[in-house]
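*Asks:* I am sharing work19.cif, which consists of mmCIF, C-alpha atoms and all ligand atoms:
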```
data_my_file
loop_
_atom_site.label_atom_id
_atom_site.label_comp_id
_atom_site.auth_asym_id
_atom_site.auth_seq_id
_atom_site.Cartn_x
_atom_site.Cartn_y
_atom_site.Cartn_z
CA MET A 1 0.73 20.34 9.27
CA ARG A 2 -1.67 20.39 6.35
CA ALA A 3 -5.17 21.73 6.72
CA ALA A 4 -8.12 20.57 4.66
CA TRP A 5 -10.83 22.32 2.66
CA ALA A 6 -13.67 20.45 1.04
CA CYS A 7 -16.26 20.90 -1.67
CA PHE A 8 -19.42 19.14 -0.58
CA ASP A 9 -20.96 19.20 -4.05
CA CYS A 10 -18.01 17.42 -5.67
CA ARG A 11 -17.06 15.56 -2.47
CA LYS A 12 -13.48 16.58 -3.00
CA ALA A 13 -10.95 17.68 -0.44
CA VAL A 14 -8.03 20.03 -0.95
CA ARG A 15 -5.06 20.09 1.39
CA HIS A 16 -2.64 22.94 1.85
CA ALA A 17 0.04 23.63 4.40
CA LEU A 18 -0.22 27.38 4.63
CA ARG A 19 -3.29 29.17 3.42
CA THR A 20 -5.75 31.51 4.99
CA PRO A 21 -8.95 29.63 5.74
CA ASP A 22 -11.13 31.36 3.14
CA ASP A 23 -9.18 31.55 -0.12
CA VAL A 24 -9.27 27.94 -1.31
CA VAL A 25 -11.43 26.80 -4.22
CA CYS A 26 -12.52 23.35 -5.33
CA PRO A 27 -10.20 22.04 -8.11
CA GLN A 28 -13.18 20.46 -9.85
CA CYS A 29 -15.93 23.12 -9.89
CA GLY A 30 -13.99 26.24 -8.86
CA ASP A 31 -16.41 27.17 -6.08
CA ALA A 32 -15.10 28.33 -2.73
CA ALA A 33 -14.28 25.31 -0.60
CA PRO A 34 -15.25 25.59 3.06
CA TYR A 35 -12.43 25.20 5.55
CA LEU A 36 -12.47 21.96 7.52
CA GLY A 37 -9.46 22.39 9.77
CA TYR A 38 -6.52 20.16 10.63
CA LYS A 39 -8.05 17.33 12.52
CA ILE A 40 -11.24 16.49 10.67
CA PRO A 41 -10.88 13.26 8.68
CA VAL A 42 -12.11 13.63 5.11
CA PRO A 43 -14.48 10.85 3.96
CA ARG A 44 -13.85 8.76 0.88
CA ARG A 45 -15.39 10.31 -2.20
CA ARG A 46 -17.99 7.55 -2.66
CA ASP A 47 -19.10 7.61 0.97
CA ILE A 48 -22.04 9.97 0.43
CA LYS A 49 -23.46 9.22 3.88
CA ALA A 50 -20.21 10.26 5.58
CA TRP A 51 -20.08 13.49 3.52
CA ARG A 52 -23.65 14.33 4.56
CA ALA A 53 -22.79 13.65 8.20
CA LEU A 54 -19.67 15.81 7.96
CA LYS A 55 -21.66 18.66 6.42
CA ALA A 56 -24.28 18.42 9.19
CA ASP A 57 -21.53 18.41 11.84
CA LEU A 58 -19.97 21.53 10.35
CA GLN A 59 -23.34 23.27 10.19
CA ARG A 60 -23.98 22.44 13.85
CA ALA A 61 -20.53 23.74 14.79
CA ALA A 62 -21.15 26.98 12.84
CA GLN A 63 -24.50 27.34 14.59
CA ARG A 64 -22.87 26.91 18.02
CA THR A 65 -20.23 29.50 17.12
CA ALA A 66 -22.90 31.97 16.00
CA GLU A 67 -24.91 31.39 19.19
CA ALA A 68 -21.83 31.86 21.36
CA ALA A 69 -21.01 35.12 19.55
CA TYR A 70 -24.59 36.31 20.06
CA GLN A 71 -24.49 35.47 23.78
CA ASP A 72 -21.17 37.25 24.03
CA ARG A 73 -22.59 40.39 22.43
CA VAL A 74 -25.64 40.36 24.73
CA ARG A 75 -23.33 40.01 27.73
CA CYS A 76 -21.14 42.83 26.41
CA ILE A 77 -24.15 45.13 26.05
CA HIS A 78 -25.34 44.30 29.58
CA ASP A 79 -21.85 44.94 30.99
CA LEU A 80 -21.64 48.30 29.24
CA GLU A 81 -25.12 49.34 30.40
CA ALA A 82 -24.35 48.41 34.00
CA ARG A 83 -21.01 50.23 33.85
CA LEU A 84 -22.70 53.36 32.43
CA VAL A 85 -25.38 53.35 35.14
CA ASP A 86 -22.64 53.09 37.76
CA LEU A 87 -20.51 55.89 36.23
CA GLU A 88 -23.46 58.23 35.77
CA THR A 89 -24.35 58.06 39.47
CA ARG A 90 -20.83 59.19 40.45
CA PRO A 91 -19.74 62.83 40.61
CA ALA A 92 -18.88 64.19 37.16
CA ASN A 93 -15.31 65.02 36.18
CA GLU A 94 -13.46 65.36 32.89
CA GLY A 95 -12.02 61.82 32.85
CA ARG A 96 -15.34 60.28 33.78
CA ARG A 97 -17.18 62.35 31.18
CA ARG A 98 -14.76 61.14 28.48
CA LEU A 99 -15.07 57.50 29.62
CA ILE A 100 -18.87 57.74 29.55
CA ALA A 101 -18.74 59.09 25.98
CA GLN A 102 -16.43 56.24 24.93
CA LEU A 103 -18.62 53.62 26.57
CA ARG A 104 -21.74 55.08 24.96
CA ALA A 105 -20.08 54.94 21.52
CA HIS A 106 -19.02 51.37 22.15
CA LEU A 107 -22.51 50.46 23.31
CA GLU A 108 -23.94 52.00 20.15
CA ARG A 109 -21.60 49.86 18.03
CA ALA A 110 -22.35 46.73 20.04
CA ARG A 111 -26.09 47.27 19.58
CA SER A 112 -25.92 47.95 15.85
CA MET A 113 -23.62 45.07 14.88
CA GLY A 114 -24.92 41.68 13.88
CA PRO A 115 -23.91 38.68 15.96
CA THR A 116 -20.24 39.24 16.60
CA ARG A 117 -17.78 39.05 19.42
CA CYS A 118 -17.24 41.96 21.72
CA TRP A 119 -13.57 41.86 22.48
CA SER A 120 -13.31 44.82 24.78
CA ARG A 121 -13.97 44.35 28.44
CA TRP A 122 -14.46 47.64 30.17
ZN ZN A 201 -16.54 21.40 -6.27
#
```
What's the structure tokens form of this structure?
*Replies:*
Amino acid sequence: MRAAWACFDCRKAVRHALRTPDDVVCPQCGDAAPYLGYKIPVPRRRDIKAWRALKADLQRAAQRTAEAAYQDRVRCIHDLEARLVDLETRPANEGRRRLIAQLRAHLERARSMGPTRCWSRW
């Protein structure tokens, strides 16, 4: 299956079978071409309206992805805080002390990162 990348300035699409999503450039202007995916139909070059609509769709999709990642991080921070409160009310022991230190470090990272996914579930 061939994936597509597109330059919105030149309204040109590039197709490749196997490439990482972010190393393709526009053959016309040489700028980085954003990744479209496998299933998105590429408009005809002269169909400026369709190119604008496609760009707006991609921007909305990127926005949704960023919002989902943000929500995920907020949820992760809440989960970690709740877990820490619970652990700190229990009797201390070596294993628990170590786990609390790990969770605190993870919480620190989760708080300092920009919007990003928190993969670990504790
Ligand atoms: Zn271009």
*Asks:* Tell me which protein, DNA and RNA residues are within 10 Å of Val24 in chain A, counting all atoms listed in the file, leaving out same-chain ones fewer than 3 positions away, and put them as a VMD selection string.
*Replies:* chain A and resid 4 to 7 14 to 16 19 to 21 27 30 to 35
*Asks:* What does the file look like for those residues with C-alpha atoms, as a short mmCIF file (atom, residue, chain, number, x, y, z; two decimals), in the frame of the given file?
*Replies:*
```cif
data_model
loop_
_atom_site.label_atom_id
_atom_site.label_comp_id
_atom_site.auth_asym_id
_atom_site.auth_seq_id
_atom_site.Cartn_x
_atom_site.Cartn_y
_atom_site.Cartn_z
CA ALA A 4 -8.12 20.57 4.66
CA TRP A 5 -10.83 22.32 2.66
CA ALA A 6 -13.67 20.45 1.04
CA CYS A 7 -16.26 20.90 -1.67
CA VAL A 14 -8.03 20.03 -0.95
CA ARG A 15 -5.06 20.09 1.39
CA HIS A 16 -2.64 22.94 1.85
CA ARG A 19 -3.29 29.17 3.42
CA THR A 20 -5.75 31.51 4.99
CA PRO A 21 -8.95 29.63 5.74
CA PRO A 27 -10.20 22.04 -8.11
CA GLY A 30 -13.99 26.24 -8.86
CA ASP A 31 -16.41 27.17 -6.08
CA ALA A 32 -15.10 28.33 -2.73
CA ALA A 33 -14.28 25.31 -0.60
CA PRO A 34 -15.25 25.59 3.06
CA TYR A 35 -12.43 25.20 5.55
#
```
*Asks:* For a test of reading the model, state the distance in Å between CA of Asp57 in chain A and CA of Lys39 in chain A, rounded to one decimal.
*Replies:*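 That distance, rounded to one decimal, is 13.5 Å.
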*Asks:* Could you state the separation of CA of Leu87 in chain A and CA of Gln102 in chain A in Å, given to one decimal place?
*Replies:*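 About the pair CA of Leu87 in chain A and CA of Gln102 in chain A: they are 12.0 Å apart.
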*Asks:* Using all atoms listed in the file, what are the residues with an atom within 6 Å of ligand ZN 201 (chain A), set out as a list in words?
*Replies:*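 After applying the 6 Å limit, what remains is Cys7, Asp9, Cys10, Cys26, Gln28, Cys29 and Asp31 of chain A.
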*Asks:* Between A:Arg90, A:Arg11, A:Arg2, A:Arg96, which has the minimum distance to Leu54 in chain A (counting all atoms listed in the file)?
*Replies:*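 Closest to Leu54 in chain A, using all atoms listed in the file: A:Arg11.
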*Asks:* I want to know what sits within 12 Å of Leu58 in chain A, based on only C-alpha atoms, with residues of the same chain fewer than 2 positions away left out; could you give that as a VMD selection string?
*Replies:* chain A and resid 5 to 6 8 34 to 37 40 51 to 56 60 to 65
*Asks:* How far is it from CA of Ala101 in chain A to CA of Met113 in chain A, in Å with one decimal?
*Replies:*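 Computing the Euclidean distance for CA of Ala101 in chain A and CA of Met113 in chain A yields 18.5 Å.
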*Asks:* For Leu80 in chain A, work out the shell of residues within 12 Å, counting all atoms listed in the file and skipping chain neighbours fewer than 6 positions away, then give it as a PDB file with C-alpha atoms, in the coordinates of the input.
*Replies:*
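Writing done, so here's result-v3.pdb:
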```
ATOM      1  CA  ARG A  73     -22.590  40.390  22.430  1.00  0.00           C
ATOM      2  CA  VAL A  74     -25.640  40.360  24.730  1.00  0.00           C
ATOM      3  CA  ASP A  86     -22.640  53.090  37.760  1.00  0.00           C
ATOM      4  CA  LEU A  87     -20.510  55.890  36.230  1.00  0.00           C
ATOM      5  CA  LEU A  99     -15.070  57.500  29.620  1.00  0.00           C
ATOM      6  CA  ILE A 100     -18.870  57.740  29.550  1.00  0.00           C
ATOM      7  CA  ALA A 101     -18.740  59.090  25.980  1.00  0.00           C
ATOM      8  CA  GLN A 102     -16.430  56.240  24.930  1.00  0.00           C
ATOM      9  CA  LEU A 103     -18.620  53.620  26.570  1.00  0.00           C
ATOM     10  CA  ARG A 104     -21.740  55.080  24.960  1.00  0.00           C
ATOM     11  CA  ALA A 105     -20.080  54.940  21.520  1.00  0.00           C
ATOM     12  CA  HIS A 106     -19.020  51.370  22.150  1.00  0.00           C
ATOM     13  CA  LEU A 107     -22.510  50.460  23.310  1.00  0.00           C
ATOM     14  CA  GLU A 108     -23.940  52.000  20.150  1.00  0.00           C
ATOM     15  CA  ARG A 109     -21.600  49.860  18.030  1.00  0.00           C
ATOM     16  CA  ALA A 110     -22.350  46.730  20.040  1.00  0.00           C
ATOM     17  CA  ARG A 111     -26.090  47.270  19.580  1.00  0.00           C
ATOM     18  CA  CYS A 118     -17.240  41.960  21.720  1.00  0.00           C
ATOM     19  CA  SER A 120     -13.310  44.820  24.780  1.00  0.00           C
ATOM     20  CA  ARG A 121     -13.970  44.350  28.440  1.00  0.00           C
ATOM     21  CA  TRP A 122     -14.460  47.640  30.170  1.00  0.00           C
TER      22      TRP A 122
END
```
*Asks:* Taking only C-alpha atoms into account, name the residue in A:Pro41, A:Ser112, A:Gly95, A:Asp23 that is nearest to Ile77 in chain A.
*Replies:* A:Ser112
*Asks:* Rank nothing, just name the residue among A:Tyr70, A:Lys12, A:Ala3, A:Glu88 nearest to Asp47 in chain A, using only C-alpha atoms.
*Replies:*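 Comparing A:Tyr70, A:Lys12, A:Ala3, A:Glu88 against Asp47 in chain A, the winner is A:Lys12.
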